[in-house]
>>> print(open('entry08.cif').read())   # mmCIF, C-alpha atoms
data_data
#
loop_
_atom_site.label_atom_id
_atom_site.label_comp_id
_atom_site.auth_asym_id
_atom_site.auth_seq_id
_atom_site.Cartn_x
_atom_site.Cartn_y
_atom_site.Cartn_z
CA MET A 1 35.38 38.30 101.77
CA SER A 2 36.14 42.01 101.77
CA GLN A 3 39.54 41.46 103.36
CA TRP A 4 40.65 39.28 100.44
CA VAL A 5 39.47 41.90 97.94
CA ILE A 6 41.41 44.61 99.78
CA LYS A 7 44.52 42.41 99.98
CA GLY A 8 44.29 41.68 96.27
CA LEU A 9 44.08 45.38 95.42
CA ARG A 10 47.09 46.12 97.59
CA THR A 11 49.15 43.26 96.20
CA GLY A 12 48.38 43.98 92.56
CA VAL A 13 48.70 41.66 89.57
CA LYS A 14 51.55 39.18 89.93
CA SER A 15 51.11 37.32 86.67
CA THR A 16 53.94 37.18 84.16
CA ARG A 17 54.22 40.13 81.78
CA TYR A 18 54.70 37.78 78.83
CA PRO A 19 53.70 38.09 75.98
CA ARG A 20 53.27 41.88 76.33
CA ALA A 21 56.85 42.19 77.58
CA GLU A 22 59.87 39.95 78.02
CA GLU A 23 59.89 37.88 81.21
CA THR A 24 63.07 38.57 83.18
CA ALA A 25 62.42 36.60 86.36
CA ALA A 26 65.09 34.08 87.34
CA GLY A 27 64.54 30.38 86.75
CA ILE A 28 61.85 30.68 84.10
CA SER A 29 63.73 28.49 81.60
CA PRO A 30 66.38 25.75 81.65
CA GLY A 31 67.73 27.16 78.39
CA LEU A 32 68.99 25.42 75.27
CA PRO A 33 72.42 24.86 73.68
CA THR A 34 73.59 26.88 70.70
CA ALA A 35 75.64 25.80 67.72
CA ALA A 36 79.35 26.62 67.74
CA THR A 37 82.40 26.66 65.52
CA LEU A 38 84.87 24.17 67.00
CA PRO A 39 87.91 22.10 65.99
CA LEU A 40 87.01 18.68 64.61
CA GLU A 41 88.27 16.67 67.61
CA VAL A 42 86.45 18.90 70.10
CA ALA A 43 83.26 18.76 68.05
CA GLN A 44 83.42 14.96 67.85
CA SER A 45 83.90 14.77 71.61
CA LEU A 46 80.85 16.92 72.30
CA VAL A 47 78.67 15.02 69.85
CA ALA A 48 79.67 11.76 71.56
CA ARG A 49 78.65 13.18 74.95
CA CYS A 50 75.04 13.83 73.91
CA PRO A 51 72.77 10.91 74.93
CA ALA A 52 69.83 12.15 72.85
CA ASP A 53 71.60 12.70 69.50
CA ALA A 54 70.67 16.38 69.66
CA LEU A 55 74.20 17.44 68.65
CA GLU A 56 75.21 16.95 65.04
CA LEU A 57 78.70 17.11 63.60
CA ALA A 58 79.01 19.95 61.07
CA PRO A 59 81.93 20.76 58.74
CA ALA A 60 82.89 23.74 60.92
CA GLY A 61 81.74 22.59 64.35
CA VAL A 62 78.52 21.43 66.02
CA ASP A 63 74.91 21.96 64.96
CA VAL A 64 72.02 21.50 67.41
CA ASN A 65 68.72 19.73 66.72
CA LEU A 66 66.51 21.19 69.44
CA ARG A 67 63.78 18.64 68.76
CA ARG A 68 65.89 16.07 70.60
CA CYS A 69 67.49 18.12 73.41
CA ILE A 70 66.71 16.84 76.93
CA HIS A 71 68.57 19.51 78.94
CA CYS A 72 71.16 17.09 80.30
CA PHE A 73 73.82 19.86 80.21
CA ARG A 74 76.51 17.37 79.18
CA CYS A 75 77.54 19.73 76.36
CA VAL A 76 78.31 22.56 78.81
CA ARG A 77 79.40 20.73 81.96
CA GLY A 78 82.39 18.47 82.41
CA THR A 79 84.06 19.64 79.21
CA ASN A 80 86.80 22.15 78.51
CA SER A 81 85.06 23.41 75.36
CA PRO A 82 81.40 23.96 76.28
CA LEU A 83 78.74 24.99 73.81
CA GLY A 84 76.97 28.29 74.23
CA TRP A 85 73.78 28.24 76.26
CA GLU A 86 70.88 30.63 75.77
CA HIS A 87 68.25 31.17 78.47
CA SER A 88 65.35 31.84 76.15
CA TYR A 89 61.83 30.42 76.13
CA GLU A 90 60.31 31.24 72.71
CA TRP A 91 61.10 27.83 71.24
CA ALA A 92 57.97 26.74 69.38
CA THR A 93 57.98 26.34 65.63
CA ALA A 94 55.22 25.95 63.06
CA VAL A 95 55.66 22.78 61.03
CA SER A 96 52.47 22.57 58.95
CA GLY A 97 52.25 23.96 55.46
CA GLY A 98 49.55 26.43 56.45
CA ASN A 99 47.55 26.08 53.21
CA ASP A 100 44.74 23.90 54.57
CA GLN A 101 41.85 26.26 55.25
CA LYS A 102 40.15 23.66 57.42
CA ARG A 103 43.04 24.03 59.90
CA GLN A 104 43.31 27.82 59.94
CA PHE A 105 41.91 29.80 62.85
CA GLY A 106 40.03 32.98 62.06
CA PRO A 107 39.45 36.13 64.15
CA ALA A 108 36.83 34.32 66.25
CA PHE A 109 39.62 32.29 67.87
CA ASP A 110 41.75 35.27 68.93
CA ARG A 111 40.56 35.22 72.52
CA SER A 112 38.68 31.95 72.86
CA VAL A 113 40.62 28.75 72.26
CA HIS A 114 39.82 25.50 74.05
CA ILE A 115 42.59 22.96 74.55
CA LEU A 116 42.38 19.21 75.03
CA VAL A 117 45.50 17.78 76.68
CA VAL A 118 46.29 14.13 75.89
CA ASP A 119 49.03 12.17 77.66
CA THR A 120 50.35 9.52 75.27
CA GLY A 121 53.05 8.12 77.56
CA ASP A 122 54.47 11.09 79.43
CA CYS A 123 56.80 10.55 82.41
CA GLY A 124 54.98 13.35 84.22
CA ALA A 125 57.48 16.14 83.55
CA CYS A 126 55.87 17.77 80.50
CA LEU A 127 52.39 17.25 81.89
CA ASN A 128 53.35 19.05 85.09
CA GLU A 129 54.67 22.03 83.08
CA VAL A 130 51.38 22.16 81.18
CA ARG A 131 49.51 22.27 84.50
CA GLN A 132 51.46 25.38 85.49
CA LEU A 133 49.72 27.34 82.73
CA ASN A 134 46.58 27.37 84.87
CA ASN A 135 48.26 28.80 87.97
CA PRO A 136 47.99 32.51 88.88
CA TYR A 137 51.49 33.36 87.64
CA TYR A 138 51.11 32.14 84.06
CA ASN A 139 47.30 32.43 83.99
CA MET A 140 46.68 31.44 80.40
CA HIS A 141 42.99 32.38 80.77
CA ARG A 142 43.97 36.06 80.44
CA LEU A 143 45.10 35.25 76.89
CA GLY A 144 41.94 33.38 75.96
CA PHE A 145 43.21 29.81 76.42
CA PHE A 146 41.03 27.33 78.30
CA LEU A 147 41.25 23.60 79.01
CA THR A 148 38.43 21.28 78.07
CA PRO A 149 37.93 17.60 78.98
CA THR A 150 36.16 16.69 75.75
CA PRO A 151 37.45 16.64 72.16
CA ARG A 152 34.10 17.83 70.84
CA HIS A 153 34.70 21.23 72.44
CA ALA A 154 38.41 21.41 71.64
CA ASP A 155 40.13 23.64 69.09
CA VAL A 156 43.70 22.59 69.92
CA LEU A 157 44.94 19.08 70.69
CA LEU A 158 48.01 19.38 72.94
CA VAL A 159 49.96 16.12 73.11
CA VAL A 160 52.66 15.25 75.66
CA GLY A 161 54.76 12.11 75.99
CA ALA A 162 56.25 9.49 73.73
CA LEU A 163 53.51 8.07 71.51
CA THR A 164 53.21 4.60 73.01
CA ASP A 165 51.57 1.83 71.03
CA HIS A 166 48.49 1.53 73.25
CA MET A 167 47.72 5.27 72.95
CA ARG A 168 47.65 5.39 69.15
CA VAL A 169 43.96 4.53 68.85
CA PRO A 170 42.72 6.80 71.70
CA LEU A 171 44.73 9.73 70.32
CA ARG A 172 43.39 9.20 66.82
CA LYS A 173 39.82 8.99 68.12
CA ALA A 174 40.26 12.21 70.10
CA TYR A 175 41.59 14.00 67.04
CA ASP A 176 38.81 12.72 64.76
CA ALA A 177 36.16 13.84 67.27
CA MET A 178 37.38 17.45 67.25
CA PRO A 179 35.48 19.91 65.06
CA SER A 180 37.23 21.88 62.32
CA PRO A 181 39.24 24.04 62.29
CA LYS A 182 41.62 22.26 64.64
CA ARG A 183 45.32 22.31 65.35
CA VAL A 184 47.80 19.90 66.96
CA VAL A 185 50.55 21.09 69.29
CA ALA A 186 53.24 18.54 70.25
CA VAL A 187 54.98 19.41 73.52
CA GLY A 188 58.32 18.01 74.66
CA ALA A 189 61.14 16.04 73.06
CA CYS A 190 59.26 12.75 73.41
CA ALA A 191 56.24 14.06 71.49
CA LEU A 192 58.50 15.59 68.84
CA SER A 193 60.98 12.82 68.16
CA GLY A 194 60.37 9.99 70.60
CA GLY A 195 63.05 11.40 72.89
CA ILE A 196 65.25 8.87 74.61
CA PHE A 197 62.46 6.26 74.41
CA GLY A 198 61.71 6.11 70.71
CA ARG A 199 61.66 4.98 68.05
CA SER A 200 61.19 1.48 69.48
CA PHE A 201 58.83 -1.49 69.48
CA MET A 202 56.53 0.37 71.89
CA CYS A 203 57.05 4.06 71.00
CA ALA A 204 56.74 6.06 67.82
CA GLY A 205 59.29 8.58 66.68
CA GLY A 206 56.93 11.45 67.44
CA VAL A 207 53.27 12.43 67.22
CA ALA A 208 53.72 13.49 63.59
CA GLU A 209 53.89 9.82 62.62
CA LEU A 210 50.17 9.57 63.45
CA LEU A 211 48.70 13.09 63.24
CA PRO A 212 49.38 16.26 61.24
CA VAL A 213 51.27 18.35 63.79
CA ASP A 214 51.02 22.14 63.40
CA VAL A 215 53.30 23.38 66.18
CA GLU A 216 56.23 21.73 67.97
CA VAL A 217 57.54 22.86 71.37
CA PRO A 218 60.96 21.34 72.19
CA GLY A 219 62.39 20.69 75.65
CA ASP A 220 62.36 17.88 78.17
CA PRO A 221 60.37 19.32 79.72
CA PRO A 222 59.79 22.71 78.12
CA PRO A 223 59.05 25.50 80.63
CA PRO A 224 55.52 26.95 80.83
CA LEU A 225 56.49 30.05 78.84
CA ALA A 226 57.73 27.89 75.96
CA ILE A 227 54.40 26.04 75.92
CA LEU A 228 52.55 29.34 76.08
CA HIS A 229 54.60 30.54 73.13
CA GLY A 230 53.57 27.39 71.26
CA LEU A 231 49.89 28.15 71.85
CA LEU A 232 50.39 31.73 70.67
CA VAL A 233 52.13 30.43 67.53
CA ALA A 234 49.22 28.03 66.95
CA VAL A 235 46.72 30.91 66.86
CA GLY A 236 48.99 33.22 64.89
CA ARG A 237 49.73 35.71 67.66
CA LYS A 238 53.49 35.05 67.82
CA PRO A 239 56.08 34.21 65.14
CA PRO A 240 57.63 30.72 65.23
CA ALA A 241 61.23 29.91 66.13
CA ARG A 242 63.65 27.52 64.40
CA LEU A 243 64.39 24.12 65.87
CA HIS A 244 67.70 23.55 64.12
CA ARG A 245 70.66 25.71 65.12
CA ALA A 246 73.46 25.66 62.56
CA VAL A 247 77.05 26.82 63.01
CA SER A 248 76.32 29.73 60.67
CA ASP A 249 73.67 30.96 63.15
CA SER A 250 75.94 30.77 66.18
CA VAL A 251 77.13 33.97 67.81
CA GLY A 252 79.92 32.26 69.71
CA ASN A 253 80.69 29.29 71.84
CA ALA A 254 81.06 30.94 75.22
CA SER A 255 78.72 29.59 77.86
CA GLY A 256 76.12 32.17 78.81
#
>>> encode(input="entry08.cif", output="structure tokens")
Amino acid sequence: MSQWVIKGLRTGVKSTRYPRAEETAAGISPGLPTAATLPLEVAQSLVARCPADALELAPAGVDVNLRRCIHCFRCVRGTNSPLGWEHSYEWATAVSGGNDQKRQFGPAFDRSVHILVVDTGDCGACLNEVRQLNNPYYNMHRLGFFLTPTPRHADVLLVVGALTDHMRVPLRKAYDAMPSPKRVVAVGACALSGGIFGRSFMCAGGVAELLPVDVEVPGDPPPPLAILHGLLVAVGRKPPARLHRAVSDSVGNASG
């Protein structure tokens, strides 16, 4: 036993520095496209290349709806006029009004938040990224986030996957069984908008069609740091991002 203690002291802490400092390690995020000012024909071509309808034609170029982006890279690869690409990870946005006191977390939740994860039709990608939050590198326990298997102990309901028809009732029951205050975090393009599967006869167009969603984390799948940012937004420890990038917000169309 002593040898492992000594090795641990010599090795030091290897967890990510986020959120105390920016994470600069390679490969932490697949990134997201940015809006760009483009000629009409080029903009139309790029919009047509997007299989998820995440790109929207704007009067001066292309806007990006990050709620639908699936990281297919078709807007930056195989085209002579690629969109810009930012390798960020603070993607989560707050979507609730914030006036319902029964949904607001107080100081008691700053370092003790229990999370119930519900898979409502996930392909396995988003769920796997959520699992990474428990590993030594991301170590969400250091920030006061803990997983729980029961809704009666949960403060946050984290939902992944397209909301399939047969999961509507179980998800609603899980939410109703949670004590107040409680918050809902939707993770991944499928949970936000139905992704490439919905809206259809078997999938909803997002979790918000059934439950009051408080925080949305885009991506397909979003990286662990983006999910961690979503949890920090849910408890009020980080400011939210915007999920719609307009041409007026773009800083250029060079791929980065």
>>> residues_around(input="entry08.cif", residues="Asp63 of chain A", least_positions_apart="6", cutoff="8 Å", atoms="all atoms listed in the file", output="JSON, numbers by chain")
{"A": [34, 35, 36, 55, 56, 57, 244, 245, 246, 247]}
>>> axis_aligned_box(input="entry08.cif", around="segment 20-25 of chain A", padding_each_side="5 Å", output="lines of an AutoDock Vina configuration file")
center_x = 58.2
center_y = 39.4
center_z = 81.3
size_x = 19.8
size_y = 15.6
size_z = 20.0
>>> closest_residue(input="entry08.cif", among="A:Gln104, A:Ser112, A:Thr164, A:Asn135", to="Gly236 of chain A", atoms="only C-alpha atoms")
A:Gln104
>>> residues_around(input="entry08.cif", residues="segment 220-228 of chain A", least_positions_apart="5", cutoff="9 Å", atoms="all atoms listed in the file", output="ChimeraX atom specification")
/A:18-19,23,28-30,68-71,88-92,125-133,138,140,187-190,195,233
>>> atom_distance(input="entry08.cif", atom1="atom CA of Asp214 of chain A", atom2="atom CA of Ala21 of chain A")
25.2 Å
>>> closest_residue(input="entry08.cif", among="A:Gly161, A:Pro151, A:Gly27, A:Gly198", to="Gly121 of chain A", atoms="only C-alpha atoms")
A:Gly161
>>> atom_distance(input="entry08.cif", atom1="atom CA of Ala204 of chain A", atom2="atom CA of Asp53 of chain A")
16.4 Å
>>> atom_distance(input="entry08.cif", atom1="atom CA of Leu210 of chain A", atom2="atom CA of Ala234 of chain A")
18.8 Å
>>> resolve_selection(input="entry08.cif", expression="the PyMOL selection byres ((chain A and resi 61) around 6)", output="PyMOL selection string")
chain A and resi 36-38+43+58-60+62
>>> closest_residue(input="entry08.cif", among="A:Arg67, A:Lys7, A:Arg74, A:His114", to="Gly206 of chain A", atoms="all atoms listed in the file")
A:Arg67
>>> closest_residue(input="entry08.cif", among="A:His153, A:Val64, A:Ala54, A:Arg20", to="Ser248 of chain A", atoms="only C-alpha atoms")
A:Val64
>>> resolve_selection(input="entry08.cif", expression="the PyMOL selection byres ((chain A and resi 142-148) around 6)", output="ChimeraX atom specification")
/A:111-116,140-141,149-150
>>> closest_residue(input="entry08.cif", among="A:Ile6, A:Leu32, A:Leu46, A:Val235", to="Asn65 of chain A", atoms="all atoms listed in the file")
A:Leu32
>>> closest_residue(input="entry08.cif", among="A:Cys75, A:Leu163, A:Val118, A:Leu66", to="Ala48 of chain A", atoms="only C-alpha atoms")
A:Cys75
>>> residues_around(input="entry08.cif", residues="Phe73 of chain A", least_positions_apart="5", cutoff="10 Å", atoms="all atoms listed in the file", output="ChimeraX atom specification")
/A:30-33,49-50,78,82-83,85
>>> decode(input="entry08.cif", residues="segment 101-140 of chain A", atoms="N, CA and C atoms", output="compact mmCIF listing (two decimals), in the first residue's frame")
# COMPACT_ATOMS: atom_id res chain seq x y z
N GLN A 101 -38.54 29.79 -8.52
CA GLN A 101 -37.72 29.57 -7.33
C GLN A 101 -37.61 28.10 -6.96
N LYS A 102 -38.57 27.30 -7.40
CA LYS A 102 -38.52 25.87 -7.09
C LYS A 102 -37.44 25.16 -7.89
N ARG A 103 -36.85 25.87 -8.89
CA ARG A 103 -35.82 25.25 -9.73
C ARG A 103 -34.45 25.87 -9.49
N GLN A 104 -34.37 26.84 -8.58
CA GLN A 104 -33.11 27.52 -8.35
C GLN A 104 -32.32 26.85 -7.22
N PHE A 105 -31.04 26.61 -7.48
CA PHE A 105 -30.16 26.03 -6.47
C PHE A 105 -29.60 27.13 -5.58
N GLY A 106 -29.58 26.88 -4.28
CA GLY A 106 -29.01 27.82 -3.34
C GLY A 106 -27.58 27.47 -3.00
N PRO A 107 -26.99 28.16 -2.02
CA PRO A 107 -25.59 27.91 -1.62
C PRO A 107 -25.32 26.47 -1.18
N ALA A 108 -26.34 25.78 -0.69
CA ALA A 108 -26.15 24.41 -0.22
C ALA A 108 -25.75 23.46 -1.34
N PHE A 109 -26.00 23.85 -2.59
CA PHE A 109 -25.71 22.99 -3.72
C PHE A 109 -24.36 23.32 -4.38
N ASP A 110 -23.62 24.25 -3.82
CA ASP A 110 -22.36 24.67 -4.44
C ASP A 110 -21.38 23.53 -4.61
N ARG A 111 -21.30 22.65 -3.62
CA ARG A 111 -20.31 21.58 -3.67
C ARG A 111 -20.92 20.20 -3.43
N SER A 112 -22.21 20.09 -3.61
CA SER A 112 -22.86 18.79 -3.41
C SER A 112 -24.08 18.69 -4.30
N VAL A 113 -23.86 18.18 -5.52
CA VAL A 113 -24.94 18.03 -6.49
C VAL A 113 -24.95 16.59 -6.99
N HIS A 114 -26.09 15.94 -6.87
CA HIS A 114 -26.21 14.55 -7.31
C HIS A 114 -26.95 14.49 -8.65
N ILE A 115 -26.42 13.68 -9.55
CA ILE A 115 -26.87 13.65 -10.93
C ILE A 115 -27.43 12.28 -11.29
N LEU A 116 -28.61 12.27 -11.86
CA LEU A 116 -29.20 11.05 -12.40
C LEU A 116 -29.08 11.11 -13.91
N VAL A 117 -28.40 10.13 -14.51
CA VAL A 117 -28.23 10.07 -15.96
C VAL A 117 -29.29 9.13 -16.54
N VAL A 118 -30.04 9.61 -17.51
CA VAL A 118 -31.07 8.80 -18.16
C VAL A 118 -30.78 8.75 -19.66
N ASP A 119 -30.70 7.54 -20.19
CA ASP A 119 -30.49 7.30 -21.62
C ASP A 119 -31.86 7.12 -22.26
N THR A 120 -32.23 8.05 -23.13
CA THR A 120 -33.56 7.97 -23.75
C THR A 120 -33.48 7.57 -25.22
N GLY A 121 -32.42 6.85 -25.59
CA GLY A 121 -32.27 6.40 -26.96
C GLY A 121 -30.92 6.78 -27.54
N ASP A 122 -29.91 6.82 -26.68
CA ASP A 122 -28.57 7.23 -27.11
C ASP A 122 -27.90 6.12 -27.91
N CYS A 123 -27.06 6.50 -28.88
CA CYS A 123 -26.32 5.51 -29.67
C CYS A 123 -25.11 4.98 -28.91
N GLY A 124 -24.81 5.59 -27.79
CA GLY A 124 -23.66 5.18 -26.98
C GLY A 124 -22.57 6.22 -26.93
N ALA A 125 -22.58 7.15 -27.88
CA ALA A 125 -21.51 8.15 -27.97
C ALA A 125 -21.58 9.14 -26.81
N CYS A 126 -22.72 9.81 -26.65
CA CYS A 126 -22.86 10.80 -25.58
C CYS A 126 -22.74 10.15 -24.21
N LEU A 127 -23.29 8.97 -24.06
CA LEU A 127 -23.24 8.28 -22.78
C LEU A 127 -21.79 7.95 -22.41
N ASN A 128 -20.99 7.58 -23.39
CA ASN A 128 -19.59 7.29 -23.13
C ASN A 128 -18.84 8.54 -22.69
N GLU A 129 -19.16 9.70 -23.28
CA GLU A 129 -18.52 10.95 -22.87
C GLU A 129 -18.91 11.32 -21.45
N VAL A 130 -20.16 11.05 -21.07
CA VAL A 130 -20.59 11.31 -19.70
C VAL A 130 -19.81 10.44 -18.73
N ARG A 131 -19.57 9.19 -19.11
CA ARG A 131 -18.81 8.28 -18.24
C ARG A 131 -17.40 8.82 -17.96
N GLN A 132 -16.83 9.52 -18.92
CA GLN A 132 -15.46 10.03 -18.73
C GLN A 132 -15.36 11.02 -17.58
N LEU A 133 -16.47 11.63 -17.19
CA LEU A 133 -16.43 12.61 -16.11
C LEU A 133 -16.02 11.98 -14.79
N ASN A 134 -16.17 10.67 -14.68
CA ASN A 134 -15.82 9.97 -13.44
C ASN A 134 -14.38 9.47 -13.43
N ASN A 135 -13.68 9.60 -14.57
CA ASN A 135 -12.31 9.08 -14.58
C ASN A 135 -11.35 10.05 -13.89
N PRO A 136 -10.12 9.62 -13.59
CA PRO A 136 -9.21 10.48 -12.82
C PRO A 136 -8.86 11.79 -13.50
N TYR A 137 -8.90 11.85 -14.83
CA TYR A 137 -8.49 13.08 -15.50
C TYR A 137 -9.53 14.19 -15.32
N TYR A 138 -10.80 13.87 -15.54
CA TYR A 138 -11.85 14.89 -15.40
C TYR A 138 -12.36 14.99 -13.97
N ASN A 139 -12.49 13.85 -13.28
CA ASN A 139 -12.72 13.80 -11.84
C ASN A 139 -13.74 14.84 -11.36
N MET A 140 -14.98 14.67 -11.77
CA MET A 140 -15.98 15.67 -11.43
C MET A 140 -16.28 15.71 -9.93
